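The structure appears right after this line, and notes come after that.
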Amino acid sequence: MSLPRGLGFGAAVIGNLYTEVTDEQAHETVSAAWQRGIRYYDTAPHYGLGLSERRLGAALREHPREEYTVSTKVGRRLEPQAGGGGDLGHGFAVPATHRRVWDFTADGVRRTLDASLERLGIDRVDIVYLHDPDDHAEQAFREGYPALEKLRSEGVVGAIGAGMNQAEMLTRFVRDTDVDVVLCAGRYTLLDQSALTELLPAAVERGVSVVIGGAFNSGLLADPKPGATYNYAEAPPELLDRALRMKEIARRHGITLRAAALAFCMAHPAVASVLVGARSADEVHDCVDQFAAPVPAAFWQELRDTGLLVAEEPR
């Protein structure tokens, strides 16, 4: 599997996550990511009802296929519908031209992947994840996963895995299947280290790569302030207070909380890549700069000394 180590680009935002992004702005954002050396790009049919895949594919078409890694997801099959209104109920500022159908059957996996390849404009993807099978575990393990194994053996995809906002079922995938990689969103951050209990140690033991999404917990760790979001809802007061205390300690050590949040995710030996979403070239440049910023060991130690961090890494 070719998974570039380091910062990756999460393409949900260019699928009009919450607010609209123009085609030009989306193209400039992906171009900035390429310019700054990012070579791993993650998308899904869910993101803007295919808009993210179409925009990402159009932008990456300017670059040699062998020089980048792209992942997409299966489990939400898109079916055309008329008169659907808007899609903001699912988080995307796009017309509801399609509806999402949960489908982890073997046929559904292949049909969903074929549609993704058409939208991306490529003949293969490097990684395919089962997307959020939380309420569909039996079908995902019994039908969806074997379908991905078959696609991998046929050379249609390079690597297979699962992507979720929880650590428990991902641990089951790591221990009970032959996945190459898992994408864990929001469960290994400065505010939530639940993936540290079982998932990350299991990944190290089994040689499975971990991609971390949601390093900022949907916003709170990027800019902690009243009204900031945590797990896509308004942050509880106690978590806002923790984030503000972390931000102040970071300031005293001459860094930003954003830099610390990204460095924390990347430091674990199981982690191969940390995804960041951006809606503009400026946001890409900021993320890359923060990711490259050195975080002093004294910062981590002060977090431990004040009880704000229990993880032993980073040092």
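The chains in the structure tokens are called A, B, ... from first to last as shown; in each chain the residues are counted from 1, and the ligands are counted from 1 in the order shown.
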
**Asked** Mind checking DSSP for stretch 123-197 of chain A and telling me the strand (DSSP E) residues as a PyMOL selection string?
**Response** chain A and resi 125-131+157-164+181-185

Same residues, N, CA and C atoms, saved as a PDB file, in the first residue's frame:
ATOM      1  N   VAL A 125      -8.605   3.233  -7.346  1.00  0.00           N
ATOM      2  CA  VAL A 125      -8.300   4.006  -6.148  1.00  0.00           C
ATOM      3  C   VAL A 125      -7.315   3.203  -5.309  1.00  0.00           C
ATOM      4  N   ASP A 126      -6.549   3.909  -4.520  1.00  0.00           N
ATOM      5  CA  ASP A 126      -5.510   3.252  -3.730  1.00  0.00           C
ATOM      6  C   ASP A 126      -6.070   2.618  -2.458  1.00  0.00           C
ATOM      7  N   ILE A 127      -7.070   3.267  -1.847  1.00  0.00           N
ATOM      8  CA  ILE A 127      -7.655   2.765  -0.595  1.00  0.00           C
ATOM      9  C   ILE A 127      -9.169   2.912  -0.671  1.00  0.00           C
ATOM     10  N   VAL A 128      -9.886   1.885  -0.232  1.00  0.00           N
ATOM     11  CA  VAL A 128     -11.340   1.975  -0.087  1.00  0.00           C
ATOM     12  C   VAL A 128     -11.691   1.619   1.354  1.00  0.00           C
ATOM     13  N   TYR A 129     -12.471   2.499   1.991  1.00  0.00           N
ATOM     14  CA  TYR A 129     -12.919   2.278   3.365  1.00  0.00           C
ATOM     15  C   TYR A 129     -14.409   1.931   3.385  1.00  0.00           C
ATOM     16  N   LEU A 130     -14.807   1.019   4.262  1.00  0.00           N
ATOM     17  CA  LEU A 130     -16.212   0.885   4.632  1.00  0.00           C
ATOM     18  C   LEU A 130     -16.557   2.090   5.489  1.00  0.00           C
ATOM     19  N   HIS A 131     -17.573   2.850   5.094  1.00  0.00           N
ATOM     20  CA  HIS A 131     -17.832   4.171   5.677  1.00  0.00           C
ATOM     21  C   HIS A 131     -18.926   4.100   6.740  1.00  0.00           C
ATOM     22  N   VAL A 157      -8.478  -2.340  -6.262  1.00  0.00           N
ATOM     23  CA  VAL A 157      -8.067  -1.381  -5.234  1.00  0.00           C
ATOM     24  C   VAL A 157      -6.748  -1.857  -4.637  1.00  0.00           C
ATOM     25  N   GLY A 158      -6.003  -0.917  -4.116  1.00  0.00           N
ATOM     26  CA  GLY A 158      -4.707  -1.273  -3.560  1.00  0.00           C
ATOM     27  C   GLY A 158      -4.776  -1.727  -2.119  1.00  0.00           C
ATOM     28  N   ALA A 159      -5.633  -1.074  -1.332  1.00  0.00           N
ATOM     29  CA  ALA A 159      -5.712  -1.360   0.100  1.00  0.00           C
ATOM     30  C   ALA A 159      -7.150  -1.182   0.555  1.00  0.00           C
ATOM     31  N   ILE A 160      -7.506  -1.854   1.656  1.00  0.00           N
ATOM     32  CA  ILE A 160      -8.877  -1.794   2.150  1.00  0.00           C
ATOM     33  C   ILE A 160      -8.890  -1.531   3.646  1.00  0.00           C
ATOM     34  N   GLY A 161     -10.022  -0.992   4.120  1.00  0.00           N
ATOM     35  CA  GLY A 161     -10.129  -0.707   5.541  1.00  0.00           C
ATOM     36  C   GLY A 161     -11.519  -0.217   5.896  1.00  0.00           C
ATOM     37  N   ALA A 162     -11.610   0.480   7.025  1.00  0.00           N
ATOM     38  CA  ALA A 162     -12.871   1.050   7.488  1.00  0.00           C
ATOM     39  C   ALA A 162     -12.593   2.425   8.054  1.00  0.00           C
ATOM     40  N   GLY A 163     -13.564   3.314   7.909  1.00  0.00           N
ATOM     41  CA  GLY A 163     -13.447   4.669   8.434  1.00  0.00           C
ATOM     42  C   GLY A 163     -14.641   4.996   9.306  1.00  0.00           C
ATOM     43  N   MET A 164     -14.380   5.400  10.565  1.00  0.00           N
ATOM     44  CA  MET A 164     -15.471   5.625  11.509  1.00  0.00           C
ATOM     45  C   MET A 164     -15.108   6.720  12.501  1.00  0.00           C
ATOM     46  N   VAL A 181      -5.587  -0.664   6.582  1.00  0.00           N
ATOM     47  CA  VAL A 181      -5.587   0.678   7.168  1.00  0.00           C
ATOM     48  C   VAL A 181      -6.970   0.965   7.733  1.00  0.00           C
ATOM     49  N   VAL A 182      -7.027   1.744   8.798  1.00  0.00           N
ATOM     50  CA  VAL A 182      -8.304   2.243   9.306  1.00  0.00           C
ATOM     51  C   VAL A 182      -8.212   3.756   9.457  1.00  0.00           C
ATOM     52  N   LEU A 183      -9.353   4.404   9.275  1.00  0.00           N
ATOM     53  CA  LEU A 183      -9.444   5.856   9.422  1.00  0.00           C
ATOM     54  C   LEU A 183     -10.285   6.134  10.672  1.00  0.00           C
ATOM     55  N   CYS A 184      -9.658   6.726  11.674  1.00  0.00           N
ATOM     56  CA  CYS A 184     -10.322   6.993  12.947  1.00  0.00           C
ATOM     57  C   CYS A 184     -10.473   8.504  13.111  1.00  0.00           C
ATOM     58  N   ALA A 185     -11.714   8.965  13.143  1.00  0.00           N
ATOM     59  CA  ALA A 185     -11.989  10.402  13.197  1.00  0.00           C
ATOM     60  C   ALA A 185     -12.394  10.833  14.600  1.00  0.00           C
TER      61      ALA A 185
END

**Request:** Please provide the set of residues having any atom within 10 Å of stretch 188-202 of chain A, restricted to only C-alpha atoms, with same-chain residues fewer than 6 positions apart removed, written as a ChimeraX atom specification.
**Result:** /A:166-175,182,208-210,212-217,220-221,230,239-240,242-243,246,257,260-266,268-271,303,308-311

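Across A:Gly85, A:Pro80, A:Glu302, A:Pro294, the tightest approach to A:Arg252 is made by A:Glu302 when counting only C-alpha atoms.
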
**Request:** Take atom CA of A:Tyr47 and atom CA of A:Val30 and report the distance between them in Å, one decimal.
**Result:** 15.4 Å

**Asked** If you count only C-alpha atoms, which residues fall within 9 Å of A:Leu88, apart from same-chain ones fewer than 6 positions away, as a ChimeraX atom specification?
**Response** /A:17-19,94-96

Keeping only N, CA and C atoms, write those residues as a JSON list (two decimals), in the first residue's frame.
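Final file, result-v5.json:
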[["chain", "number", "residue", "atom", "x", "y", "z"],
["A", 17, "LEU", "N", -19.23, 21.26, 2.69],
["A", 17, "LEU", "CA", -19.56, 20.95, 4.07],
["A", 17, "LEU", "C", -20.03, 22.21, 4.78],
["A", 18, "TYR", "N", -21.29, 22.25, 5.14],
["A", 18, "TYR", "CA", -21.96, 23.35, 5.85],
["A", 18, "TYR", "C", -22.15, 24.60, 5.01],
["A", 19, "THR", "N", -21.15, 25.02, 4.27],
["A", 19, "THR", "CA", -21.27, 26.23, 3.44],
["A", 19, "THR", "C", -20.72, 25.97, 2.05],
["A", 94, "VAL", "N", -25.67, 21.56, -0.76],
["A", 94, "VAL", "CA", -25.85, 21.15, -2.15],
["A", 94, "VAL", "C", -27.31, 20.79, -2.37],
["A", 95, "PRO", "N", -27.79, 20.85, -3.62],
["A", 95, "PRO", "CA", -29.15, 20.37, -3.89],
["A", 95, "PRO", "C", -29.22, 18.86, -3.64],
["A", 96, "ALA", "N", -30.33, 18.42, -3.11],
["A", 96, "ALA", "CA", -30.50, 16.99, -2.81],
["A", 96, "ALA", "C", -30.92, 16.24, -4.06]]

**Request:** Write out as a list in words all residues of stretch 60-161 of chain A that DSSP puts in alpha helix (DSSP H) for this structure's backbone.
**Result:** Leu60, Ala106, Asp107, Gly108, Val109, Arg110, Arg111, Thr112, Leu113, Asp114, Ala115, Ser116, Leu117, Glu118, Arg119, Leu120, Ala137, Glu138, Gln139, Tyr145, Pro146, Ala147, Leu148, Glu149, Lys150, Leu151, Arg152 and Ser153 of chain A

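Residues with any atom within 10 Å of A:His136, counting only C-alpha atoms and excluding same-chain neighbours fewer than 6 positions away, are Gly75, Trp102, Asp103, Phe104 and Gly144 of chain A.
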
Expected file contents, prior selection, N, CA, C and O atoms, as a PDB file, in the first residue's frame:
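Contents of the output file again-v9.pdb:
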ATOM      1  N   GLY A  75     -20.566   2.152   1.233  1.00  0.00           N
ATOM      2  CA  GLY A  75     -21.524   1.937   2.313  1.00  0.00           C
ATOM      3  C   GLY A  75     -22.735   2.844   2.211  1.00  0.00           C
ATOM      4  O   GLY A  75     -23.816   2.501   2.667  1.00  0.00           O
ATOM      5  N   TRP A 102     -28.032   3.210   2.704  1.00  0.00           N
ATOM      6  CA  TRP A 102     -27.052   2.351   3.370  1.00  0.00           C
ATOM      7  C   TRP A 102     -26.996   1.016   2.647  1.00  0.00           C
ATOM      8  O   TRP A 102     -28.018   0.344   2.479  1.00  0.00           O
ATOM      9  N   ASP A 103     -25.808   0.618   2.218  1.00  0.00           N
ATOM     10  CA  ASP A 103     -25.697  -0.613   1.442  1.00  0.00           C
ATOM     11  C   ASP A 103     -24.279  -1.165   1.558  1.00  0.00           C
ATOM     12  O   ASP A 103     -23.355  -0.677   0.909  1.00  0.00           O
ATOM     13  N   PHE A 104     -24.130  -2.184   2.411  1.00  0.00           N
ATOM     14  CA  PHE A 104     -22.834  -2.849   2.571  1.00  0.00           C
ATOM     15  C   PHE A 104     -22.847  -4.229   1.929  1.00  0.00           C
ATOM     16  O   PHE A 104     -22.018  -5.073   2.265  1.00  0.00           O
ATOM     17  N   GLY A 144     -19.789  -6.735   3.178  1.00  0.00           N
ATOM     18  CA  GLY A 144     -18.998  -5.615   2.681  1.00  0.00           C
ATOM     19  C   GLY A 144     -17.506  -5.875   2.725  1.00  0.00           C
ATOM     20  O   GLY A 144     -16.790  -5.653   1.730  1.00  0.00           O
TER      21      GLY A 144
END

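Using only C-alpha atoms, the protein and nucleic acid residues lying no more than 8 Å from A:Gln290, apart from those fewer than 2 places from it along its own chain, are Thr256, Arg258, Ala259, Leu262, Asp286, Cys287, Val288, Ala292 and Ala293 of chain A.
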
Using all heavy atoms, can you export the residues from the last selection as an mmCIF file, in the first residue's frame?
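Heads up, here's the output in out-v3.cif:
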data_model
loop_
_atom_site.group_PDB
_atom_site.id
_atom_site.type_symbol
_atom_site.label_atom_id
_atom_site.label_comp_id
_atom_site.auth_asym_id
_atom_site.auth_seq_id
_atom_site.Cartn_x
_atom_site.Cartn_y
_atom_site.Cartn_z
ATOM 1 N N THR A 256 1.083 27.355 18.616
ATOM 2 C CA THR A 256 -0.375 27.460 18.576
ATOM 3 C C THR A 256 -0.993 26.134 19.023
ATOM 4 O O THR A 256 -0.352 25.072 18.951
ATOM 5 C CB THR A 256 -0.881 27.779 17.161
ATOM 6 O OG1 THR A 256 -0.611 26.662 16.309
ATOM 7 C CG2 THR A 256 -0.212 29.039 16.603
ATOM 8 N N ARG A 258 -3.292 24.720 17.418
ATOM 9 C CA ARG A 258 -3.442 23.949 16.179
ATOM 10 C C ARG A 258 -2.197 23.100 15.915
ATOM 11 O O ARG A 258 -2.300 21.923 15.565
ATOM 12 C CB ARG A 258 -3.701 24.886 14.992
ATOM 13 C CG ARG A 258 -4.956 25.717 15.120
ATOM 14 C CD ARG A 258 -5.328 26.433 13.851
ATOM 15 N NE ARG A 258 -4.274 27.234 13.256
ATOM 16 C CZ ARG A 258 -3.845 28.412 13.741
ATOM 17 N NH1 ARG A 258 -4.396 28.909 14.841
ATOM 18 N NH2 ARG A 258 -2.896 29.093 13.130
ATOM 19 N N ALA A 259 -1.030 23.702 16.103
ATOM 20 C CA ALA A 259 0.213 22.954 15.894
ATOM 21 C C ALA A 259 0.307 21.788 16.870
ATOM 22 O O ALA A 259 0.697 20.671 16.499
ATOM 23 C CB ALA A 259 1.411 23.884 16.060
ATOM 24 N N LEU A 262 -2.119 18.861 15.880
ATOM 25 C CA LEU A 262 -1.645 18.051 14.765
ATOM 26 C C LEU A 262 -0.446 17.201 15.171
ATOM 27 O O LEU A 262 -0.357 16.016 14.817
ATOM 28 C CB LEU A 262 -1.283 18.950 13.587
ATOM 29 C CG LEU A 262 -2.463 19.696 12.935
ATOM 30 C CD1 LEU A 262 -1.955 20.704 11.911
ATOM 31 C CD2 LEU A 262 -3.432 18.715 12.285
ATOM 32 N N ASP A 286 -1.838 27.431 6.129
ATOM 33 C CA ASP A 286 -1.785 27.483 7.590
ATOM 34 C C ASP A 286 -1.633 26.081 8.175
ATOM 35 O O ASP A 286 -0.811 25.858 9.070
ATOM 36 C CB ASP A 286 -3.039 28.148 8.152
ATOM 37 C CG ASP A 286 -3.035 28.168 9.677
ATOM 38 O OD1 ASP A 286 -2.242 28.927 10.258
ATOM 39 O OD2 ASP A 286 -3.812 27.411 10.282
ATOM 40 N N CYS A 287 -2.404 25.126 7.675
ATOM 41 C CA CYS A 287 -2.324 23.759 8.199
ATOM 42 C C CYS A 287 -0.928 23.173 8.002
ATOM 43 O O CYS A 287 -0.379 22.531 8.908
ATOM 44 C CB CYS A 287 -3.360 22.874 7.529
ATOM 45 S SG CYS A 287 -5.052 23.140 8.112
ATOM 46 N N VAL A 288 -0.369 23.360 6.814
ATOM 47 C CA VAL A 288 0.968 22.813 6.542
ATOM 48 C C VAL A 288 2.006 23.481 7.445
ATOM 49 O O VAL A 288 2.893 22.820 7.998
ATOM 50 C CB VAL A 288 1.331 22.972 5.056
ATOM 51 C CG1 VAL A 288 2.764 22.524 4.801
ATOM 52 C CG2 VAL A 288 0.372 22.180 4.184
ATOM 53 N N ALA A 292 4.236 21.621 10.449
ATOM 54 C CA ALA A 292 5.704 21.612 10.417
ATOM 55 C C ALA A 292 6.329 22.260 11.644
ATOM 56 O O ALA A 292 7.539 22.120 11.875
ATOM 57 C CB ALA A 292 6.191 22.338 9.157
ATOM 58 N N ALA A 293 5.526 22.964 12.441
ATOM 59 C CA ALA A 293 6.069 23.697 13.591
ATOM 60 C C ALA A 293 6.511 22.725 14.692
ATOM 61 O O ALA A 293 5.741 21.856 15.091
ATOM 62 C CB ALA A 293 5.027 24.658 14.139
#

**Message:** Which residue is closest to A:Gly277? Choose from A:Gly86, A:Gly37, A:Gly219, A:Gly6 and count only C-alpha atoms.
**Reply:** A:Gly219

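Across the structure, atom CA of A:Arg110 and atom CA of A:Phe141 are spaced 15.5 Å apart.
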